[in-house]
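Coordinates as given in coords19.txt (compact mmCIF, C-alpha atoms):
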# COMPACT_ATOMS: atom_id res chain seq x y z
CA MET J 1232 181.56 240.35 174.99
CA PRO J 1233 181.84 244.13 174.53
CA LYS J 1234 183.81 245.25 171.51
CA LYS J 1235 187.13 246.95 172.04
CA LEU J 1236 188.32 250.02 170.19
CA SER J 1237 190.05 248.84 167.03
CA LYS J 1238 193.37 250.16 165.77
CA GLN J 1239 192.59 253.01 163.42
CA PRO J 1240 193.37 252.70 159.71
CA THR J 1241 195.73 255.30 158.31
CA LEU J 1242 194.11 255.65 154.86
CA THR J 1243 197.45 256.55 153.31
CA GLY J 1244 199.53 254.87 150.62
CA ASN J 1245 196.71 252.73 149.23
CA SER J 1246 196.63 252.15 145.48
CA PRO J 1247 193.38 253.00 143.65
CA THR J 1248 190.91 250.11 143.67
CA ALA J 1249 189.19 248.78 140.56
CA LEU J 1250 185.43 249.16 140.85
CA PRO J 1251 183.75 245.72 141.23
CA SER J 1252 182.15 244.49 138.02
CA ILE J 1253 178.84 243.89 139.81
CA LEU J 1254 178.21 247.65 139.67
CA LYS J 1255 178.58 247.64 135.88
CA ASP J 1256 177.09 244.33 134.73
CA GLY J 1257 173.75 245.77 133.64
CA LEU J 1258 171.72 243.84 136.21
CA PRO J 1259 169.50 245.60 138.77
CA LEU J 1260 171.11 247.39 141.71
CA PRO J 1261 169.49 248.60 144.93
CA ARG J 1262 168.18 252.14 144.60
CA ALA J 1263 169.40 252.93 148.11
CA ILE J 1264 172.14 251.46 150.29
CA VAL J 1265 172.03 252.32 153.99
CA PHE J 1266 174.84 251.92 156.51
CA ASP J 1267 175.03 251.69 160.25
CA LEU J 1268 177.93 253.76 161.66
CA ASP J 1269 179.62 252.00 164.57
CA TYR J 1270 181.66 248.92 163.58
CA THR J 1271 180.23 249.23 160.08
CA LEU J 1272 181.67 252.43 158.58
CA TRP J 1273 184.16 253.00 161.40
CA PRO J 1274 185.77 250.73 164.03
CA PHE J 1275 184.48 252.25 167.26
CA TRP J 1276 181.38 253.29 169.17
CA VAL J 1277 181.12 257.04 168.74
CA ASP J 1278 179.13 257.42 171.97
CA THR J 1279 181.58 255.34 174.05
CA HIS J 1280 185.09 255.67 172.66
CA VAL J 1281 185.14 259.30 171.45
CA TYR J 1282 185.61 262.30 173.77
CA PRO J 1283 184.86 265.72 172.24
CA PRO J 1284 185.97 268.17 171.09
CA LEU J 1285 187.29 266.78 167.80
CA ARG J 1286 189.98 268.17 165.54
CA ALA J 1287 191.57 267.05 162.27
CA ALA J 1288 194.44 264.59 162.71
CA ASN J 1289 196.21 265.61 159.50
CA PRO J 1290 195.93 268.17 156.68
CA GLU J 1291 194.00 265.66 154.54
CA ARG J 1292 191.40 265.24 157.32
CA SER J 1293 191.38 261.48 156.69
CA ALA J 1294 191.23 261.02 160.46
CA CYS J 1295 190.33 263.07 163.51
CA VAL J 1296 191.61 263.26 167.07
CA ASP J 1297 189.55 263.59 170.22
CA LYS J 1298 190.17 265.32 173.57
CA ILE J 1299 192.38 262.54 174.94
CA GLY J 1300 194.44 262.09 171.78
CA GLU J 1301 192.77 258.99 170.30
CA THR J 1302 192.66 258.90 166.51
CA PHE J 1303 189.53 257.90 164.58
CA ALA J 1304 188.92 257.14 160.91
CA PHE J 1305 186.79 255.07 158.55
CA TYR J 1306 187.56 251.47 157.70
CA ASP J 1307 190.02 251.38 154.79
CA ASP J 1308 187.55 250.59 151.97
CA VAL J 1309 184.95 253.16 152.98
CA PRO J 1310 186.19 256.14 150.91
CA SER J 1311 186.25 254.13 147.66
CA ILE J 1312 182.90 252.52 148.55
CA LEU J 1313 181.22 255.90 149.02
CA HIS J 1314 182.58 257.13 145.69
CA GLY J 1315 181.84 253.93 143.80
CA LEU J 1316 178.24 253.48 144.95
CA SER J 1317 177.48 257.15 144.37
CA LEU J 1318 178.90 257.01 140.84
CA ALA J 1319 176.81 253.90 140.19
CA GLY J 1320 173.70 256.02 140.83
CA ILE J 1321 172.83 254.49 144.20
CA LYS J 1322 171.53 256.77 146.94
CA LEU J 1323 173.29 256.41 150.27
CA GLY J 1324 171.90 256.74 153.78
CA VAL J 1325 172.75 256.19 157.43
CA ALA J 1326 170.71 254.45 160.13
CA SER J 1327 172.38 254.62 163.54
CA ARG J 1328 170.94 254.39 167.04
CA THR J 1329 173.96 256.00 168.71
CA HIS J 1330 173.39 258.00 171.88
CA ALA J 1331 175.77 260.70 170.57
CA PRO J 1332 174.03 261.79 167.36
CA ASP J 1333 175.59 265.25 167.28
CA LEU J 1334 179.07 263.77 167.64
CA GLY J 1335 178.37 261.26 164.87
CA ARG J 1336 177.28 264.04 162.53
CA GLU J 1337 180.27 266.17 163.52
CA MET J 1338 182.62 263.34 162.63
CA LEU J 1339 180.95 262.86 159.24
CA LYS J 1340 181.43 266.57 158.59
CA LEU J 1341 185.04 266.62 159.78
CA LEU J 1342 186.27 263.54 157.90
CA LEU J 1343 187.10 264.18 154.26
CA VAL J 1344 186.84 261.55 151.53
CA PRO J 1345 189.79 261.93 149.16
CA PRO J 1346 189.30 262.56 145.42
CA VAL J 1347 187.88 259.63 143.50
CA ASN J 1348 190.98 259.22 141.33
CA SER J 1349 193.04 258.56 144.47
CA VAL J 1350 190.84 255.68 145.67
CA LEU J 1351 189.29 254.23 142.45
CA ASP J 1352 190.95 253.30 139.21
CA GLU J 1353 189.63 255.84 136.70
CA SER J 1354 189.32 253.36 133.85
CA SER J 1355 186.96 251.26 135.98
CA ILE J 1356 184.40 254.05 136.51
CA GLU J 1357 183.86 255.06 132.89
CA GLY J 1358 180.24 255.02 131.76
CA LEU J 1359 178.68 254.91 135.23
CA ALA J 1360 175.36 256.63 135.89
CA GLY J 1361 176.97 259.19 138.15
CA GLY J 1362 179.97 259.75 135.94
CA GLY J 1363 178.81 263.24 135.05
CA LYS J 1364 179.83 264.56 138.48
CA LYS J 1365 183.16 265.71 137.07
CA ASP J 1366 183.14 268.92 139.06
CA LYS J 1367 183.44 266.92 142.29
CA LEU J 1368 185.76 264.11 141.22
CA GLY J 1369 189.05 265.94 141.71
CA LYS J 1370 188.34 267.43 145.13
CA PRO J 1371 188.10 265.97 148.63
CA ARG J 1372 184.54 265.99 149.95
CA LYS J 1373 183.05 265.92 153.41
CA ALA J 1374 181.85 262.40 154.11
CA ILE J 1375 178.42 263.71 155.11
CA GLU J 1376 177.86 265.00 151.56
CA PHE J 1377 177.66 261.47 150.15
CA PHE J 1378 174.52 260.55 152.09
CA ASP J 1379 171.85 261.91 149.77
CA ALA J 1380 169.18 259.51 151.05
CA GLY J 1381 169.44 261.07 154.50
CA LEU J 1382 170.89 260.58 157.95
CA GLU J 1383 168.80 258.93 160.66
CA ILE J 1384 171.13 259.16 163.67
CA TYR J 1385 169.40 258.97 167.05
CA PRO J 1386 168.46 256.38 169.70
CA SER J 1387 165.50 254.44 168.33
CA SER J 1388 164.67 251.27 166.47
CA LYS J 1389 166.16 250.74 163.03
CA ILE J 1390 162.61 250.21 161.79
CA ARG J 1391 161.81 253.81 162.68
CA HIS J 1392 164.99 254.90 160.90
CA PHE J 1393 163.92 253.12 157.74
CA GLU J 1394 160.39 254.46 157.91
CA ALA J 1395 161.89 257.96 157.90
CA LEU J 1396 164.28 257.12 155.04
CA GLY J 1397 161.45 255.61 153.01
CA LYS J 1398 159.23 258.63 153.55
CA ARG J 1399 162.01 261.04 152.62
CA THR J 1400 163.20 259.26 149.48
CA GLY J 1401 160.04 257.58 148.23
CA ILE J 1402 162.13 254.47 147.57
CA PRO J 1403 160.34 251.16 148.34
CA TYR J 1404 161.90 249.13 151.13
CA THR J 1405 162.42 246.24 148.72
CA GLU J 1406 164.78 248.50 146.77
CA MET J 1407 166.97 249.11 149.86
CA LEU J 1408 170.04 247.21 151.04
CA PHE J 1409 171.23 247.67 154.63
CA PHE J 1410 174.69 246.95 156.07
CA ASP J 1411 174.90 246.54 159.86
CA ASP J 1412 177.07 244.66 162.35
CA GLU J 1413 174.28 243.57 164.72
CA SER J 1414 172.04 240.62 163.87
CA ARG J 1415 169.19 242.02 165.99
CA ASN J 1416 168.68 244.65 163.31
CA ARG J 1417 167.40 242.01 160.92
CA ASP J 1418 164.01 243.13 162.20
CA THR J 1419 164.21 245.75 159.42
CA GLU J 1420 163.57 242.91 156.98
CA SER J 1421 159.97 242.84 158.19
CA LEU J 1422 159.59 246.03 156.11
CA GLY J 1423 161.03 244.39 153.01
CA VAL J 1424 164.59 245.68 153.42
CA THR J 1425 167.47 243.30 152.67
CA MET J 1426 170.03 243.38 155.50
CA TRP J 1427 173.59 242.12 155.12
CA LEU J 1428 175.45 241.40 158.35
CA VAL J 1429 179.06 242.63 158.45
CA ARG J 1430 181.50 241.11 160.91
CA ASP J 1431 184.51 243.41 160.82
CA GLY J 1432 183.50 246.59 159.06
CA VAL J 1433 182.23 247.14 155.56
CA THR J 1434 184.55 246.15 152.70
CA TRP J 1435 184.11 245.83 148.96
CA ASN J 1436 183.69 242.07 149.43
CA GLU J 1437 180.82 242.73 151.83
CA ILE J 1438 179.25 245.17 149.36
CA VAL J 1439 179.43 242.63 146.55
CA ASP J 1440 178.01 239.83 148.72
CA GLY J 1441 175.21 242.11 149.95
CA ILE J 1442 174.21 243.06 146.40
CA LYS J 1443 174.26 239.39 145.39
CA GLU J 1444 171.90 238.56 148.27
CA TRP J 1445 169.62 241.48 147.36
CA ARG J 1446 169.47 240.20 143.77
CA ARG J 1447 168.87 236.61 144.91
CA ARG J 1448 165.81 237.68 146.86
CA ARG J 1449 164.51 239.43 143.75
CA GLY J 1450 165.07 236.34 141.63
CA VAL J 1451 167.81 237.99 139.57
So that I can check it, write out the structure of this file as structure tokens.
Amino acid sequence: MPKKLSKQPTLTGNSPTALPSILKDGLPLPRAIVFDLDYTLWPFWVDTHVYPPLRAANPERSACVDKIGETFAFYDDVPSILHGLSLAGIKLGVASRTHAPDLGREMLKLLLVPPVNSVLDESSIEGLAGGGKKDKLGKPRKAIEFFDAGLEIYPSSKIRHFEALGKRTGIPYTEMLFFDDESRNRDTESLGVTMWLVRDGVTWNEIVDGIKEWRRRRGV
């Protein structure tokens, strides 16, 4: 059954989240975590539900509005996830086969991720590998800036996406963890990638479970 457009999160009024202990327990972490876009980072198909042009929905740019007045935003946990994984020293990437790659990139540029101290409890991020990024912690950032492993956004197989990510970063596939909402994309595991299937958008619980599975396959 085709997915329907989900009600958009507001991303306002949330208390800062404590960073999960799994990111600070001293055990190995993936060197790169890669996300699908549609129904993984945000609750819609960007090539089906969104009609350009886009504009900011509010001064904070936590959401955007399209031509027909629909509002679009990330799933609620995504801003704190992007900050937390980045501060843990994990490179982030995107692998999406959307047929509207330019629109997907535009949305990642338009949406701002609020300052880390508004989405993560500051005491929980002390001592992290990326904790030296103090110049960026107090300012909103474009979502696209978090994806330092690269953006592979175009119609193709996810295997091709990962081949490009691997070539760009030099990170072995076995050191990558992939979050996606479609089981058919488990074919990426033929490369050595660990894929974690998300059912209703990525959350911190999904991140923790995905890292646990990645460790299990490594015998950790």
Calculate how many Å separate CA of Trp1276 in chain J from CA of Glu1383 in chain J, rounding to one decimal.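 Here the two named atoms are 16.2 Å from each other.
Closest approach to Ser1317 in chain J among J:Gly1423, J:Gly1450, J:Gly1432, J:Pro1261 is made by J:Pro1261 (distances from all atoms listed in the file).
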Please, which residues in range 1345-1408 of chain J fall within 12 Å of range 1288-1309 of chain J when counting only C-alpha atoms, and what is the closest atom pair and distance in Å to one decimal for each, ordered by chain then residue number, as a Markdown table?
| residue | atom | partner | partner_atom | distance |
| --- | --- | --- | --- | --- |
| J:Pro1345 | CA | J:Ser1293 | CA | 7.7 |
| J:Pro1346 | CA | J:Glu1291 | CA | 10.7 |
| J:Val1347 | CA | J:Val1309 | CA | 11.8 |
| J:Val1350 | CA | J:Asp1308 | CA | 8.7 |
| J:Leu1351 | CA | J:Asp1308 | CA | 10.3 |
| J:Lys1370 | CA | J:Glu1291 | CA | 11.1 |
| J:Pro1371 | CA | J:Glu1291 | CA | 8.4 |
| J:Arg1372 | CA | J:Arg1292 | CA | 10.1 |
| J:Lys1373 | CA | J:Arg1292 | CA | 9.2 |
| J:Ala1374 | CA | J:Val1309 | CA | 9.8 |
| J:Phe1377 | CA | J:Val1309 | CA | 11.4 |
Please, could you write that set of residues out with C-alpha atoms as a PDB file, keeping the file's coordinate frame?
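What ended up in selection14.pdb:
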ATOM      1  CA  PRO J1345     189.790 261.930 149.160  1.00  0.00           C
ATOM      2  CA  PRO J1346     189.300 262.560 145.420  1.00  0.00           C
ATOM      3  CA  VAL J1347     187.880 259.630 143.500  1.00  0.00           C
ATOM      4  CA  VAL J1350     190.840 255.680 145.670  1.00  0.00           C
ATOM      5  CA  LEU J1351     189.290 254.230 142.450  1.00  0.00           C
ATOM      6  CA  LYS J1370     188.340 267.430 145.130  1.00  0.00           C
ATOM      7  CA  PRO J1371     188.100 265.970 148.630  1.00  0.00           C
ATOM      8  CA  ARG J1372     184.540 265.990 149.950  1.00  0.00           C
ATOM      9  CA  LYS J1373     183.050 265.920 153.410  1.00  0.00           C
ATOM     10  CA  ALA J1374     181.850 262.400 154.110  1.00  0.00           C
ATOM     11  CA  PHE J1377     177.660 261.470 150.150  1.00  0.00           C
TER      12      PHE J1377
END
Neighbour residues at most 12 Å from (172.2, 258.6, 171.1) (only C-alpha atoms) as an mmCIF file with C-alpha atoms, in the frame of the given file:
data_model
loop_
_atom_site.group_PDB
_atom_site.id
_atom_site.type_symbol
_atom_site.label_atom_id
_atom_site.label_comp_id
_atom_site.auth_asym_id
_atom_site.auth_seq_id
_atom_site.Cartn_x
_atom_site.Cartn_y
_atom_site.Cartn_z
ATOM 1 C CA ASP J 1269 179.620 252.000 164.570
ATOM 2 C CA TRP J 1276 181.380 253.290 169.170
ATOM 3 C CA VAL J 1277 181.120 257.040 168.740
ATOM 4 C CA ASP J 1278 179.130 257.420 171.970
ATOM 5 C CA THR J 1279 181.580 255.340 174.050
ATOM 6 C CA ALA J 1326 170.710 254.450 160.130
ATOM 7 C CA SER J 1327 172.380 254.620 163.540
ATOM 8 C CA ARG J 1328 170.940 254.390 167.040
ATOM 9 C CA THR J 1329 173.960 256.000 168.710
ATOM 10 C CA HIS J 1330 173.390 258.000 171.880
ATOM 11 C CA ALA J 1331 175.770 260.700 170.570
ATOM 12 C CA PRO J 1332 174.030 261.790 167.360
ATOM 13 C CA ASP J 1333 175.590 265.250 167.280
ATOM 14 C CA LEU J 1334 179.070 263.770 167.640
ATOM 15 C CA GLY J 1335 178.370 261.260 164.870
ATOM 16 C CA ARG J 1336 177.280 264.040 162.530
ATOM 17 C CA GLU J 1383 168.800 258.930 160.660
ATOM 18 C CA ILE J 1384 171.130 259.160 163.670
ATOM 19 C CA TYR J 1385 169.400 258.970 167.050
ATOM 20 C CA PRO J 1386 168.460 256.380 169.700
ATOM 21 C CA SER J 1387 165.500 254.440 168.330
ATOM 22 C CA SER J 1388 164.670 251.270 166.470
#
J:Gly1369, J:Gly1315, J:Pro1259, J:Pro1274: which is nearest Trp1435 in chain J, counting only C-alpha atoms?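 With only C-alpha atoms as the atom set, the closest residue is J:Gly1315.
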Ranking J:Val1344, J:Ala1263, J:Leu1408, J:Leu1254 by minimum distance to Ile1375 in chain J and counting all atoms listed in the file, which one comes first?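 Nearest candidate to Ile1375 in chain J out of J:Val1344, J:Ala1263, J:Leu1408, J:Leu1254: J:Val1344.
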Provide the CA of Ile1321 in chain J to CA of Met1407 in chain J distance in Å, to one decimal place.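 Result for CA of Ile1321 in chain J versus CA of Met1407 in chain J: 9.8 Å, one decimal.
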